[in-house]
Each structure stands twice: as structure tokens, then as C-alpha cells.
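Data file: work30.txt. Format and content: compact mmCIF, C-alpha atoms and all ligand atoms.
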```txt
# COMPACT_ATOMS: atom_id res chain seq x y z
CA MET A 1 24.54 1.67 -29.92
CA THR A 2 22.52 -1.23 -28.53
CA ALA A 3 19.93 -0.55 -25.92
CA THR A 4 19.22 -2.65 -22.85
CA ARG A 5 15.68 -3.95 -22.96
CA HIS A 6 13.70 -4.36 -19.77
CA LEU A 7 10.46 -6.24 -19.56
CA ILE A 8 8.14 -5.30 -16.71
CA GLY A 9 5.56 -7.90 -15.71
CA LEU A 10 2.19 -7.01 -14.22
CA LEU A 11 0.57 -9.67 -12.09
CA LEU A 12 -3.04 -8.61 -12.00
CA GLY A 13 -6.53 -9.47 -10.95
CA THR A 14 -9.40 -8.16 -13.01
CA GLU A 15 -8.20 -4.54 -13.12
CA GLU A 16 -7.79 -2.83 -16.50
CA ASP A 17 -7.51 0.85 -15.65
CA TRP A 18 -4.16 1.35 -13.98
CA PRO A 19 -2.29 -1.27 -16.03
CA ARG A 20 -3.39 0.55 -19.17
CA ALA A 21 -2.28 3.87 -17.71
CA PHE A 22 1.05 2.42 -16.63
CA LYS A 23 1.70 0.93 -20.05
CA GLU A 24 0.75 4.12 -21.84
CA ILE A 25 2.99 6.37 -19.73
CA LEU A 26 5.85 3.92 -20.21
CA ARG A 27 5.29 3.96 -23.98
CA ARG A 28 5.16 7.76 -24.17
CA LEU A 29 8.27 8.04 -22.01
CA GLY A 30 10.41 6.23 -24.60
CA PRO A 31 14.07 5.24 -24.09
CA VAL A 32 15.88 6.45 -20.99
CA ALA A 33 19.61 7.21 -20.73
CA GLY A 34 21.59 5.22 -18.21
CA ALA A 35 25.11 5.65 -16.89
CA GLY A 36 27.96 5.96 -19.40
CA GLY A 37 25.77 6.77 -22.40
CA THR A 38 23.76 3.53 -22.23
CA GLN A 39 20.18 3.41 -23.46
CA HIS A 40 17.33 1.58 -21.76
CA VAL A 41 14.04 0.67 -23.35
CA PHE A 42 11.01 -0.67 -21.55
CA ASP A 43 8.04 -2.78 -22.26
CA CYS A 44 5.40 -4.24 -20.02
CA GLU A 45 2.87 -7.02 -20.24
CA ARG A 46 0.39 -8.94 -18.15
CA ILE A 47 1.80 -12.10 -16.67
CA THR A 48 -0.16 -15.25 -17.31
CA ILE A 49 -0.17 -18.10 -14.84
CA GLU A 50 1.55 -21.22 -16.15
CA PRO A 51 3.43 -24.21 -14.84
CA PHE A 52 7.02 -23.24 -14.14
CA GLY A 53 10.20 -25.16 -13.51
CA LEU A 54 11.98 -23.95 -10.43
CA ARG A 55 15.15 -23.42 -12.48
CA ASP A 56 13.37 -21.75 -15.43
CA ARG A 57 14.60 -18.23 -16.17
CA PRO A 58 11.76 -15.66 -16.11
CA ARG A 59 11.44 -13.13 -18.92
CA TYR A 60 10.81 -10.24 -16.54
CA ASP A 61 13.25 -7.87 -14.90
CA LEU A 62 10.72 -6.24 -12.60
CA VAL A 63 7.25 -7.33 -11.47
CA ILE A 64 4.42 -5.33 -9.97
CA ASP A 65 2.07 -7.70 -8.23
CA ARG A 66 -1.52 -7.19 -7.14
CA LEU A 67 -2.59 -10.83 -7.25
CA ALA A 68 -0.35 -13.07 -5.22
CA TYR A 69 -1.89 -12.11 -1.90
CA TRP A 70 -4.92 -14.08 -3.01
CA TYR A 71 -3.48 -17.02 -4.99
CA TYR A 72 -0.83 -19.57 -4.13
CA HIS A 73 0.56 -20.31 -7.56
CA PRO A 74 1.71 -16.78 -8.48
CA ARG A 75 2.76 -16.29 -4.87
CA GLU A 76 5.19 -19.18 -5.05
CA TRP A 77 6.39 -18.02 -8.46
CA LEU A 78 7.24 -14.62 -6.96
CA LYS A 79 9.27 -16.23 -4.18
CA LYS A 80 11.15 -18.28 -6.75
CA VAL A 81 12.01 -15.32 -9.01
CA ALA A 82 13.01 -13.21 -6.00
CA LEU A 83 15.32 -15.87 -4.60
CA MET A 84 16.70 -17.37 -7.76
CA ASP A 85 16.57 -14.80 -10.51
CA GLY A 86 17.02 -11.40 -8.89
CA VAL A 87 13.79 -10.09 -10.40
CA TYR A 88 13.01 -6.74 -8.79
CA LEU A 89 9.70 -6.99 -6.96
CA LEU A 90 8.07 -3.89 -5.54
CA ASN A 91 7.25 -5.78 -2.37
CA SER A 92 9.23 -8.58 -0.79
CA PRO A 93 7.03 -11.65 -1.23
CA PHE A 94 8.38 -13.04 2.01
CA THR A 95 7.09 -10.26 4.21
CA VAL A 96 3.91 -9.51 2.27
CA GLN A 97 2.75 -13.06 2.38
CA SER A 98 3.97 -14.26 5.70
CA MET A 99 3.36 -11.16 7.79
CA GLU A 100 -0.22 -10.14 8.12
CA LYS A 101 -1.54 -7.10 9.92
CA HIS A 102 -0.75 -8.69 13.26
CA ALA A 103 2.99 -8.99 12.63
CA ALA A 104 3.05 -5.42 11.34
CA TYR A 105 1.39 -4.25 14.58
CA CYS A 106 3.98 -6.13 16.61
CA ALA A 107 6.90 -4.75 14.62
CA MET A 108 5.82 -1.12 14.90
CA MET A 109 4.92 -1.47 18.59
CA ARG A 110 8.42 -2.88 19.08
CA LEU A 111 9.77 0.31 17.50
CA GLY A 112 7.74 2.46 19.88
CA LEU A 113 5.07 3.74 17.51
CA LYS A 114 1.71 4.73 18.95
CA VAL A 115 -0.26 1.74 17.72
CA PRO A 116 -3.43 1.64 19.87
CA GLU A 117 -3.64 -1.04 22.57
CA THR A 118 -4.43 -4.37 20.86
CA VAL A 119 -5.31 -7.84 22.18
CA LEU A 120 -5.59 -11.06 20.15
CA VAL A 121 -8.39 -13.36 21.35
CA PRO A 122 -8.79 -17.05 20.46
CA TYR A 123 -11.19 -18.22 17.75
CA LYS A 124 -14.84 -18.08 18.62
CA ASN A 125 -15.61 -21.24 16.67
CA PRO A 126 -13.39 -24.29 16.50
CA VAL A 127 -11.13 -24.43 13.47
CA ASP A 128 -11.89 -27.16 10.97
CA ASN A 129 -9.43 -29.77 12.10
CA ALA A 130 -10.31 -33.15 13.57
CA ARG A 131 -7.83 -32.76 16.40
CA TYR A 132 -8.88 -29.23 17.34
CA ALA A 133 -11.61 -30.18 19.83
CA SER A 134 -9.39 -32.38 21.94
CA THR A 135 -6.47 -29.95 21.80
CA ALA A 136 -8.76 -27.06 22.71
CA ALA A 137 -10.28 -29.04 25.56
CA GLN A 138 -6.79 -29.48 26.96
CA TYR A 139 -5.23 -26.09 26.29
CA ASN A 140 -7.87 -23.41 25.71
CA ARG A 141 -8.35 -21.68 29.02
CA PRO A 142 -11.69 -20.02 29.59
CA PHE A 143 -11.31 -16.25 29.37
CA ASP A 144 -13.38 -13.25 30.27
CA LEU A 145 -14.03 -11.29 27.12
CA ASP A 146 -15.78 -8.52 29.06
CA ALA A 147 -12.79 -8.04 31.32
CA ILE A 148 -10.46 -7.70 28.34
CA ALA A 149 -12.74 -5.11 26.76
CA GLU A 150 -13.04 -3.25 30.08
CA ARG A 151 -9.28 -3.13 30.34
CA ILE A 152 -8.86 -1.76 26.82
CA GLY A 153 -11.82 0.53 27.36
CA TYR A 154 -14.80 1.27 25.12
CA PRO A 155 -15.16 2.15 22.32
CA LEU A 156 -12.96 -0.38 20.62
CA PHE A 157 -12.64 -2.11 17.28
CA MET A 158 -12.90 -5.81 16.66
CA LYS A 159 -11.18 -6.83 13.45
CA PRO A 160 -9.46 -9.84 11.91
CA TYR A 161 -5.76 -10.22 12.73
CA ASP A 162 -5.03 -10.56 9.00
CA GLY A 163 -7.76 -8.19 7.77
CA GLY A 164 -8.14 -6.14 4.66
CA ALA A 165 -10.89 -4.32 2.77
CA TRP A 166 -12.88 -3.85 6.00
CA ARG A 167 -13.83 -7.51 6.13
CA GLY A 168 -15.17 -8.35 9.58
CA VAL A 169 -14.42 -4.92 11.10
CA SER A 170 -16.81 -3.57 13.72
CA ARG A 171 -16.82 -0.70 16.15
CA ILE A 172 -17.88 -1.80 19.61
CA GLY A 173 -19.50 0.58 22.07
CA ASN A 174 -20.69 -1.74 24.86
CA PRO A 175 -20.70 -5.35 26.14
CA ALA A 176 -23.76 -6.36 24.11
CA GLU A 177 -22.07 -5.27 20.87
CA LEU A 178 -18.88 -6.96 22.01
CA HIS A 179 -20.56 -10.36 22.36
CA ALA A 180 -22.60 -9.98 19.20
CA ALA A 181 -19.45 -9.21 17.19
CA TYR A 182 -17.47 -12.02 18.78
CA ASN A 183 -20.27 -14.52 18.10
CA GLN A 184 -20.33 -13.31 14.51
CA SER A 185 -16.57 -13.65 14.10
CA GLY A 186 -16.97 -17.43 13.79
CA GLY A 187 -13.83 -18.85 12.26
CA MET A 188 -11.92 -15.54 12.01
CA LEU A 189 -9.13 -14.76 14.45
CA MET A 190 -9.81 -11.36 15.97
CA HIS A 191 -8.00 -8.42 17.48
CA LEU A 192 -9.66 -6.11 19.94
CA GLN A 193 -8.17 -2.67 19.50
CA LYS A 194 -8.70 0.54 21.39
CA ALA A 195 -10.55 3.02 19.21
CA ILE A 196 -9.05 6.40 18.51
CA ASP A 197 -12.34 8.20 18.72
CA ASP A 198 -13.11 11.73 17.63
CA TYR A 199 -9.82 11.97 15.80
CA ASP A 200 -9.06 15.22 14.01
CA VAL A 201 -8.06 13.72 10.72
CA PHE A 202 -7.55 10.37 9.04
CA ALA A 203 -4.36 10.60 6.98
CA ARG A 204 -3.76 7.83 4.51
CA SER A 205 -0.39 7.83 2.84
CA LEU A 206 0.40 5.97 -0.33
CA SER A 207 4.11 5.32 -0.82
CA ILE A 208 5.73 4.28 -4.07
CA GLY A 209 9.46 3.91 -3.60
CA ALA A 210 10.89 7.24 -2.51
CA GLU A 211 7.63 9.14 -3.03
CA THR A 212 4.73 9.45 -0.64
CA MET A 213 1.34 11.09 -1.10
CA VAL A 214 -0.50 11.86 2.11
CA MET A 215 -4.22 12.12 1.51
CA ARG A 216 -7.14 13.07 3.73
CA PHE A 217 -9.27 9.98 3.99
CA GLN A 218 -12.98 9.87 4.80
CA PRO A 219 -13.75 6.28 5.73
CA ASP A 220 -17.47 6.87 6.22
CA GLN A 221 -17.92 8.00 2.60
CA PRO A 222 -18.59 5.70 -0.35
CA MET A 223 -15.45 4.49 -2.15
CA HIS A 224 -15.35 7.23 -4.80
CA LEU A 225 -15.45 10.01 -2.18
CA ARG A 226 -13.03 8.61 0.37
CA TYR A 227 -9.99 10.54 -0.75
CA ALA A 228 -10.63 14.23 -0.28
CA VAL A 229 -8.73 16.66 -2.48
CA ASP A 230 -7.07 18.72 0.22
CA HIS A 231 -3.50 19.97 0.23
CA ASP A 232 -2.96 21.64 3.58
CA PHE A 233 -4.74 19.51 6.12
CA LEU A 234 -1.71 18.66 8.27
CA SER A 235 0.87 20.90 9.88
CA PRO A 236 4.32 20.47 8.29
CA GLN A 237 5.52 18.65 11.39
CA ILE A 238 2.64 16.16 11.54
CA GLY A 239 2.87 15.72 7.77
CA ALA A 240 6.53 14.80 8.10
CA GLU A 241 5.73 12.34 10.88
CA VAL A 242 3.07 10.63 8.76
CA VAL A 243 5.50 10.32 5.84
CA THR A 244 8.22 8.99 8.12
CA ILE A 245 5.92 6.33 9.58
CA GLY A 246 4.92 5.13 6.12
CA ARG A 247 8.52 5.00 4.88
CA LEU A 248 9.66 3.32 8.08
CA VAL A 249 7.10 0.54 7.71
CA ASN A 250 8.10 0.10 4.09
CA ALA A 251 11.84 0.07 4.63
CA PHE A 252 11.44 -2.27 7.58
CA PHE A 253 9.43 -4.83 5.60
CA ARG A 254 11.06 -4.16 2.19
CA TRP A 255 7.91 -2.81 0.64
CA ASP A 256 8.08 -0.21 -2.13
CA PHE A 257 4.37 -0.01 -2.75
CA ASN A 258 2.15 0.24 0.29
CA SER A 259 -0.42 2.42 1.96
CA CYS A 260 -0.42 3.40 5.59
CA GLU A 261 -3.41 4.58 7.61
CA THR A 262 -2.87 6.92 10.53
CA LEU A 263 -5.29 8.76 12.79
CA VAL A 264 -4.22 12.17 14.03
CA LYS A 265 -5.64 13.39 17.30
CA ASP A 266 -4.42 16.28 19.47
CA GLY A 267 -1.09 16.39 17.67
CA GLU A 268 -0.38 12.67 18.06
CA VAL A 269 -0.14 10.26 15.14
CA TYR A 270 -1.59 6.77 15.67
CA PRO A 271 -0.88 4.19 12.96
CA ILE A 272 -3.80 1.73 12.70
CA ASP A 273 -3.41 -0.11 9.39
CA TYR A 274 -0.18 -0.17 7.46
CA ALA A 275 0.22 -3.65 6.04
CA ASN A 276 -1.50 -2.82 2.76
CA ALA A 277 1.23 -3.76 0.33
CA CYS A 278 -0.01 -3.72 -3.30
CA PRO A 279 -2.79 -1.28 -2.38
CA ASP A 280 -5.77 -0.29 -4.46
CA VAL A 281 -4.76 2.30 -7.07
CA ALA A 282 -7.96 2.27 -9.10
CA LEU A 283 -8.82 5.40 -11.07
CA THR A 284 -12.28 5.38 -9.49
CA SER A 285 -10.92 5.51 -5.95
CA LEU A 286 -7.77 7.64 -6.40
CA HIS A 287 -9.27 10.04 -8.99
CA TYR A 288 -7.30 13.33 -8.57
CA TYR A 289 -4.29 11.40 -7.22
CA PHE A 290 -4.33 8.77 -9.97
CA PRO A 291 -1.90 10.58 -12.34
CA TRP A 292 0.57 11.03 -9.47
CA ALA A 293 0.36 7.33 -8.55
CA MET A 294 0.83 6.13 -12.14
CA LYS A 295 3.73 8.47 -12.71
CA ALA A 296 5.39 7.41 -9.46
CA LEU A 297 5.00 3.73 -10.35
CA VAL A 298 6.58 4.25 -13.75
CA LYS A 299 9.37 6.47 -12.41
CA TRP A 300 10.27 4.13 -9.58
CA SER A 301 10.23 1.07 -11.84
CA VAL A 302 12.42 2.79 -14.42
CA TYR A 303 14.75 4.08 -11.73
CA ALA A 304 15.13 0.60 -10.23
CA LEU A 305 15.85 -0.97 -13.62
CA VAL A 306 18.20 1.64 -15.03
CA THR A 307 20.25 1.95 -11.84
CA GLY A 308 20.31 -1.80 -11.28
CA ARG A 309 18.70 -1.47 -7.87
CA ARG A 310 18.66 -4.80 -6.07
CA ALA A 311 15.85 -5.86 -3.82
CA LYS A 312 16.83 -6.75 -0.28
CA LEU A 313 15.25 -9.84 1.18
CA ASP A 314 16.86 -9.74 4.60
CA LEU A 315 15.35 -7.36 7.12
CA GLU A 316 18.30 -6.52 9.36
CA THR A 317 15.86 -5.73 12.14
CA ASP A 318 18.60 -5.12 14.70
CA ARG A 319 19.35 -1.76 13.13
CA TYR A 320 15.81 -0.70 14.01
CA PHE A 321 15.66 -2.42 17.36
CA ASP A 322 18.90 -0.73 18.46
CA ILE A 323 17.22 2.63 17.91
CA ALA A 324 14.07 1.47 19.68
CA ASP A 325 16.12 0.32 22.67
CA ASP A 326 18.02 3.59 23.06
CA ALA A 327 16.71 4.61 26.47
CA GLY A 328 18.09 8.12 26.15
CA ALA A 329 16.32 8.94 22.88
CA SER A 330 12.92 10.63 22.72
CA TYR A 331 10.15 9.50 20.40
CA ALA A 332 11.00 12.34 18.00
CA GLU A 333 14.69 11.44 18.01
CA LYS A 334 13.88 7.80 17.31
CA LEU A 335 11.65 8.83 14.41
CA ASP A 336 14.52 10.87 12.97
CA ALA A 337 16.83 7.89 13.26
CA TYR A 338 14.25 5.60 11.65
CA ARG A 339 13.85 8.14 8.88
CA ASP A 340 17.60 7.98 8.23
CA LEU A 341 17.39 4.20 7.87
CA ALA A 342 14.39 4.49 5.57
CA ASP A 343 16.19 7.12 3.49
CA ALA A 344 19.25 4.90 3.25
CA TYR A 345 16.95 2.25 1.82
CA PHE A 346 14.88 4.37 -0.58
CA GLU A 347 17.64 6.85 -1.52
CA PRO A 348 15.24 9.76 -2.11
CA GLU A 349 18.00 12.17 -3.12
CA ARG A 350 19.48 9.83 -5.68
CA TYR A 351 16.00 9.05 -6.98
CA HIS A 352 15.04 12.72 -7.34
CA ASP A 353 18.33 13.49 -9.08
CA PHE A 354 17.68 10.63 -11.47
CA CYS A 355 14.17 11.89 -12.20
CA ALA A 356 15.41 15.45 -12.75
CA SER A 357 18.19 14.42 -15.12
CA ARG A 358 16.73 11.40 -16.98
CA LEU A 359 12.97 11.74 -16.70
CA ALA A 360 12.65 15.51 -16.90
CA HIS A 361 9.96 15.21 -19.58
CA VAL A 362 7.66 12.84 -17.74
CA ASP A 363 5.55 15.56 -16.09
CA GLU A 364 4.70 17.18 -19.43
CA ILE A 365 4.05 13.80 -21.02
CA VAL A 366 1.58 12.80 -18.34
CA LEU A 367 -0.10 16.21 -18.30
CA ASP A 368 -0.63 16.06 -22.07
CA TRP A 369 -1.96 12.56 -21.85
CA VAL A 370 -4.39 13.21 -18.97
CA ALA A 371 -5.63 16.39 -20.69
CA GLY A 372 -6.22 14.56 -23.97
CA PRO A 373 -8.79 12.21 -25.55
CA ASP A 374 -6.96 8.91 -24.83
CA PHE A 375 -7.23 9.45 -21.13
CA ASP A 376 -10.87 10.44 -21.40
CA GLN A 377 -11.50 7.17 -23.19
CA LEU A 378 -9.79 5.28 -20.37
CA LEU A 379 -11.94 7.16 -17.89
CA THR A 380 -15.23 6.41 -19.62
CA ARG A 381 -14.32 2.77 -20.21
CA THR A 382 -13.39 2.35 -16.58
CA VAL A 383 -16.66 3.86 -15.38
CA ARG A 384 -18.66 1.65 -17.76
CA SER A 385 -16.98 -1.47 -16.49
CA THR A 386 -17.21 -0.47 -12.82
CA TYR A 387 -20.69 0.97 -12.27
CA PRO A 388 -24.24 0.01 -13.32
CA ALA A 389 -25.56 1.72 -16.46
CA HIS A 390 -27.80 4.22 -14.66
CA GLU A 391 -24.76 5.62 -12.81
CA HIS A 392 -22.46 6.05 -15.81
CA ASP A 393 -23.23 9.69 -16.53
CA GLN A 394 -22.90 10.69 -12.90
CA PHE A 395 -19.54 9.00 -12.43
CA ILE A 396 -18.11 10.14 -15.75
CA ALA A 397 -18.94 13.72 -14.80
CA HIS A 398 -17.56 13.23 -11.30
CA LEU A 399 -14.22 11.86 -12.51
CA ARG A 400 -13.92 14.34 -15.36
CA GLY A 401 -14.37 17.12 -12.83
CA LEU A 402 -11.66 15.83 -10.51
CA LEU A 403 -9.18 15.01 -13.27
CA GLY A 404 -9.91 18.39 -14.87
CA LEU A 405 -9.00 19.97 -11.55
CA TRP A 406 -5.75 17.99 -11.53
CA VAL A 407 -4.96 19.17 -15.06
CA ARG A 408 -5.49 22.79 -14.01
CA ASP A 409 -3.37 22.44 -10.86
CA GLU A 410 -0.64 20.58 -12.70
CA SER A 411 -0.55 23.13 -15.54
CA THR A 412 -0.14 25.91 -12.99
CA ARG A 413 2.64 23.96 -11.28
CA LEU A 414 4.55 23.26 -14.49
CA ARG A 415 3.88 26.50 -16.34
CA PRO A 416 3.55 29.24 -13.77
CA ALA A 417 2.30 32.48 -15.30
N1 LIG B 501 -8.24 1.68 16.43
C1 LIG B 501 -9.07 2.31 15.61
N2 LIG B 501 -9.57 3.51 15.93
C2 LIG B 501 -10.44 4.18 15.10
N3 LIG B 501 -10.87 3.67 13.94
C3 LIG B 501 -10.44 2.45 13.57
C4 LIG B 501 -9.51 1.71 14.37
N4 LIG B 501 -9.27 0.53 13.74
C5 LIG B 501 -10.00 0.54 12.62
N5 LIG B 501 -10.71 1.69 12.50
C6 LIG B 501 -11.64 2.04 11.41
O1 LIG B 501 -12.00 0.86 10.71
C7 LIG B 501 -11.51 0.90 9.37
C8 LIG B 501 -11.04 -0.49 8.96
O2 LIG B 501 -10.03 -0.96 9.85
P1 LIG B 501 -8.60 -1.36 9.33
O3 LIG B 501 -7.75 -1.70 10.50
O4 LIG B 501 -8.09 -0.29 8.43
O5 LIG B 501 -8.91 -2.69 8.54
P2 LIG B 501 -8.78 -3.08 6.98
O6 LIG B 501 -7.45 -3.75 6.88
O7 LIG B 501 -9.90 -4.01 6.74
O8 LIG B 501 -8.81 -1.81 6.19
C9 LIG B 501 -10.43 1.94 9.39
O9 LIG B 501 -10.24 2.51 8.13
C10 LIG B 501 -10.97 2.95 10.39
O10 LIG B 501 -11.96 3.76 9.80
MG MG B 502 -7.65 -0.13 6.44
```
Kindly present the structure from the file in C-alpha cells form.
Ligand SMILES: Nc1ncnc2c1ncn2[C@@H]1O[C@H](COP(=O)(O)OP(=O)(O)O)[C@@H](O)[C@H]1O
Ligand SMILES: [Mg+2]
Amino acid sequence: MTATRHLIGLLLGTEEDWPRAFKEILRRLGPVAGAGGTQHVFDCERITIEPFGLRDRPRYDLVIDRLAYWYYHPREWLKKVALMDGVYLLNSPFTVQSMEKHAAYCAMMRLGLKVPETVLVPYKNPVDNARYASTAAQYNRPFDLDAIAERIGYPLFMKPYDGGAWRGVSRIGNPAELHAAYNQSGGMLMHLQKAIDDYDVFARSLSIGAETMVMRFQPDQPMHLRYAVDHDFLSPQIGAEVVTIGRLVNAFFRWDFNSCETLVKDGEVYPIDYANACPDVALTSLHYYFPWAMKALVKWSVYALVTGRRAKLDLETDRYFDIADDAGASYAEKLDAYRDLADAYFEPERYHDFCASRLAHVDEIVLDWVAGPDFDQLLTRTVRSTYPAHEHDQFIAHLRGLLGLWVRDESTRLRPA
């Protein structure tokens, strides 16, 4: 019997840790049975950046991208392989690259989500274009920044309309801070957004296809402590709402791999940052949750390839807007209807059936690997390449502790006494 070979391409920046983990889990997984007794085998490799003909056939069947947000050449290659070659991309390159945070705010406000009040203000400094000054002189109306802030109410956040990685984000408590931050913003285009202050919990959900991990996030901590290991920090109802919001965003924009930040206060869920497609999945930041993320990435990729899942490039927004415009439906009813659309897109039941029948061994494989010496080597190598020498011992111990905890919890889950 001949097997179908699938090559998975990884489009990467400088990261070494998760690609190695992904490749290793894929290798240990081995061939996977498809429909009608077919066999599927997988390999993966880093994609290099080369000239490409627009009619060239790519070697890859699926690509996971963490680079194209930053560079034009791979970005345009992704659009080409999505449009011309049916390569399965975890995120639609059209929405990732043309819709920044701002468009994501607009879309989810349109659907009635509780995105805090947000105003876009014009550039502080002229953009670098010879015609800007004369155009601005004609069209830029003077505006009262203080009045806008008063209307939103303090405290508020000023942050770039296309932000990421906390670049240019500041919390503003009064008019003096408002003007200082605006003067500083220079050539960045800024949102002013009402702060959700004194929230009860910051829930950050990471979705990979039909799986979502909701984690308690501590933004004021250093990177390695931001994700708290905490399993019961949301009521079942709020937890379900957070998952639904993440899946809704992803189904709406055709993203399979995205993280969504929500603030929970007095039983209400406020989404504040959910256009983070291709999010950070570094071992040093995800720690305890790293094995879950790697496993989910492998499982979803294998599922997509074996079942011949096709990426959708059209958004069919009317299906969402019709729900949003249903005057008789409550917020909770709309969320349920959005969840149905998201489920139709991600097919969680079909995915879980597939995992149970074809990938039943993956949990044991990953547990053995994480508990063993190869993973420890990955861990120590990652720490050595991430932190200065005097911090190596501290971070190796820190990560070993958290991954050891995961191994204990996972062993209990898989092999209950
Ligand atoms: N409206 C808000 N209310 C409360 N905190 C906020 C708000 N907006 C941003 N923050 C805080 O600022 C951080 C960075 O803002 P965010 O919108 O997530 O930008 P980035 O895309 O750079 O991560 C958030 O993680 C959160 O801690
Ligand atoms: Mg954020």
C-alpha cells in the first residue's frame, strides 16, 4: 500500500524551541490512517525565502507561519500559495495582514461584543509624505483631545491601532499623562480606549483549530510568569463565554491559530486584544501549557491534512451580521448563535472523533517525550539561548519545575489510580 506524503512548512523567525518540539512530536507520531484504509505520513521543514514564480508549485501541503506579519516577501508568497495552490494555512493571509487590531475591534463591535469604548485620533506628527502638510492643512480639523478623553472617561489606554507586543501602550490617568503620551506617539496612529480597571481576572485564550486553552494571565509580571497555572479561575459559564469569543473571532477571520485577551469584571467579559494570529508559543512563556500547545498544533495540522480540510478565504460576514441585527435576540442568544457558526467552521466533534480514533496514542507519546531526556535537552538549550548566563540555573530550575508539574498532572489524567 502506498502512503500519501504530506510536507508541512514552517515559516519562522529566530525561534528554535517550538519548531523542534513540533517536528519531534510529528516524528514520534508516525503514519496516520485516513479514510478507506489509506496511510498518511508527515514531514516538516523550515521554509527558506527564495525567489518564486507566481505559477510555481510549492512543495508544502500545509504551512504554519510566524514570520509573514513582519516581512513582505514571505507574506506575498503565502497569498500566492493560498490563492493558487490550495496550501492549507493556519491563518488566512488576507485577514491577518490586511486587518490590524482596529479592524478586529470594528468587526467584534459590529457583532455586539463588549469591546470597551474606543476612539481613533489622527497622527500627532505628520506622516513622511511630501504632500501631507498641504493635505493636512486643508483637511485636518483641529480637535480637542481633552474633550475626547473626558467623554471616554479616565483611566484610559492609548495604544497603536495596529499594535502588538505592548509597543506604544500606555495607561492614562489624567490630562497631563494624556498629552505626554500623545506627544510621544509621534508617527504612530493611536486609539484611545476606555480602561477596564480593577478587573477580576485577565483571561487569555489560545486557540488552535478546534481546541482552546484559557489561561489566567498576569500582565504586570515578567514574561516567564505571565501565565499562571490555574485550572478553576472562571465559572463554567464565563469560561464558555471566553472560549466562544475566541472561536468566534477565529471563525470570523478564518484564523486557526490565535490568542484572544479578555478582561472579566463583575461577570462581564470584555475582549480587548484578539488580533494576535500566529501568537507567541515559546516554551519560556507558555511553560506548563507548552506540551498542550505543541500537541494541538500537530493534531490540528494532521487532521487538516488527512481529512483534506480546505481553507476558506471568503468571510461570509452576512451570516454573522444577520445574527447581530436580530433585534429580538439577547446577548447570550447571539453568542450561542455565533458559537454555532464557529462550530460549523471548526467542526469540534469531527475533530475530537478523529483524534480519538486516529491519534489515540498521541497523549502517551507526548507524555513520554516531555518526561524524558530529549525534552530536558530542549529545555536547557532554549534557556541557554534565551537568557544571560547568570540566569541559566534559575530558569532551568523554574521550567523543570513547571514541566514536572505538567508531567505529574498529565500522568494522573491518563493513568488514574
Ligand atoms: N481597555 C483596557 N483596559 C485595561 N487594560 C488594558 C486595556 N487595553 C490594554 N490594556 C492593558 O495593556 C496591555 C497591552 O494592550 P493590548 O491591547 O493587549 O496591546 P498589544 O497588542 O500590544 O498586546 C494589555 O495586555 C492589558 O494589560
Ligand atoms: Mg495584548
Test item: residues lying within 9 Å of ligand LIG 501 (chain B) with all atoms listed in the file, as a ChimeraX atom specification:
/A:101,115-118,155-171,192-199,202,217-220,260-263,270-276
Using only C-alpha atoms, determine which residues lie at most 6 Å from Leu89 in chain A, disregarding the query and same-chain residues fewer than 2 positions distant; provide the list as an NGL selection string.
:A and (62-63 or 91)
Which residue out of A:Ala181, A:Leu305, A:Phe354, A:Ile245 has the minimum interatomic distance to Val41 in chain A when only C-alpha atoms are used?
A:Leu305
For ligand MG 502 (chain B), the nearest of the candidates A:Trp70, A:Leu145, A:Asn258, A:Arg131, counting all atoms listed in the file:
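Closest candidate: A:Asn258.
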Expressed in Å to a single decimal, how great is the separation between CA of Ala282 in chain A and CA of Asp17 in chain A?
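Distance reported for this atom pair: 6.7 Å.
Between CA of Arg384 in chain A and CA of Ile49 in chain A the separation is 27.2 Å.
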From the options A:Asp314, A:Asp376, A:Asp280, A:Glu410, which residue's atoms come nearest to ligand MG 502 (chain B), counting only C-alpha atoms and all ligand atoms?
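Of the candidates, the smallest distance to ligand MG 502 (chain B) is held by A:Asp280.
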Measuring between all atoms listed in the file, which one of A:Gly112, A:Gly372, A:Gly13, A:Gly30 shows the shortest distance to Pro74 in chain A?
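Of A:Gly112, A:Gly372, A:Gly13, A:Gly30, the one nearest Pro74 in chain A is A:Gly13, counting all atoms listed in the file.
When only C-alpha atoms and all ligand atoms are used to compute distances to ligand MG 502 (chain B), the closest of the residues A:Arg5, A:Arg309, A:Arg204, A:His224 turns out to be A:Arg204.
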Can you find the residues with an atom no farther than 12 Å from (14.9, -7.3, 4.0), counting all atoms listed in the file, and report them as a PDB file with C-alpha atoms, in the frame of the given file?
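What ended up in result.pdb:
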```
ATOM      1  CA  ALA A  82      13.010 -13.210  -6.000  1.00  0.00           C
ATOM      2  CA  ASN A  91       7.250  -5.780  -2.370  1.00  0.00           C
ATOM      3  CA  SER A  92       9.230  -8.580  -0.790  1.00  0.00           C
ATOM      4  CA  PRO A  93       7.030 -11.650  -1.230  1.00  0.00           C
ATOM      5  CA  PHE A  94       8.380 -13.040   2.010  1.00  0.00           C
ATOM      6  CA  THR A  95       7.090 -10.260   4.210  1.00  0.00           C
ATOM      7  CA  VAL A  96       3.910  -9.510   2.270  1.00  0.00           C
ATOM      8  CA  VAL A 249       7.100   0.540   7.710  1.00  0.00           C
ATOM      9  CA  ASN A 250       8.100   0.100   4.090  1.00  0.00           C
ATOM     10  CA  ALA A 251      11.840   0.070   4.630  1.00  0.00           C
ATOM     11  CA  PHE A 252      11.440  -2.270   7.580  1.00  0.00           C
ATOM     12  CA  PHE A 253       9.430  -4.830   5.600  1.00  0.00           C
ATOM     13  CA  ARG A 254      11.060  -4.160   2.190  1.00  0.00           C
ATOM     14  CA  TRP A 255       7.910  -2.810   0.640  1.00  0.00           C
ATOM     15  CA  ASP A 256       8.080  -0.210  -2.130  1.00  0.00           C
ATOM     16  CA  ARG A 310      18.660  -4.800  -6.070  1.00  0.00           C
ATOM     17  CA  ALA A 311      15.850  -5.860  -3.820  1.00  0.00           C
ATOM     18  CA  LYS A 312      16.830  -6.750  -0.280  1.00  0.00           C
ATOM     19  CA  LEU A 313      15.250  -9.840   1.180  1.00  0.00           C
ATOM     20  CA  ASP A 314      16.860  -9.740   4.600  1.00  0.00           C
ATOM     21  CA  LEU A 315      15.350  -7.360   7.120  1.00  0.00           C
ATOM     22  CA  GLU A 316      18.300  -6.520   9.360  1.00  0.00           C
ATOM     23  CA  THR A 317      15.860  -5.730  12.140  1.00  0.00           C
ATOM     24  CA  ASP A 318      18.600  -5.120  14.700  1.00  0.00           C
ATOM     25  CA  ARG A 319      19.350  -1.760  13.130  1.00  0.00           C
ATOM     26  CA  ALA A 342      14.390   4.490   5.570  1.00  0.00           C
ATOM     27  CA  TYR A 345      16.950   2.250   1.820  1.00  0.00           C
TER      28      TYR A 345
END
```
Give the answer as one residue: which of A:Val121, A:Leu286, A:Val281, A:Ala136 has the shortest atom-to-atom distance to Tyr227 in chain A, using all atoms listed in the file?
A:Leu286
Interatomic distance between CA of Pro279 in chain A and CA of Arg28 in chain A?
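Atom-to-atom, CA of Pro279 in chain A and CA of Arg28 in chain A are spaced 24.9 Å apart.
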Quick one: residues within 6 Å of range 289-302 of chain A, all atoms listed in the file, excluding same-chain residues fewer than 4 positions away - as a list in words?
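Surrounding residues, per the criterion: Phe22, Leu283 and Val306 of chain A.
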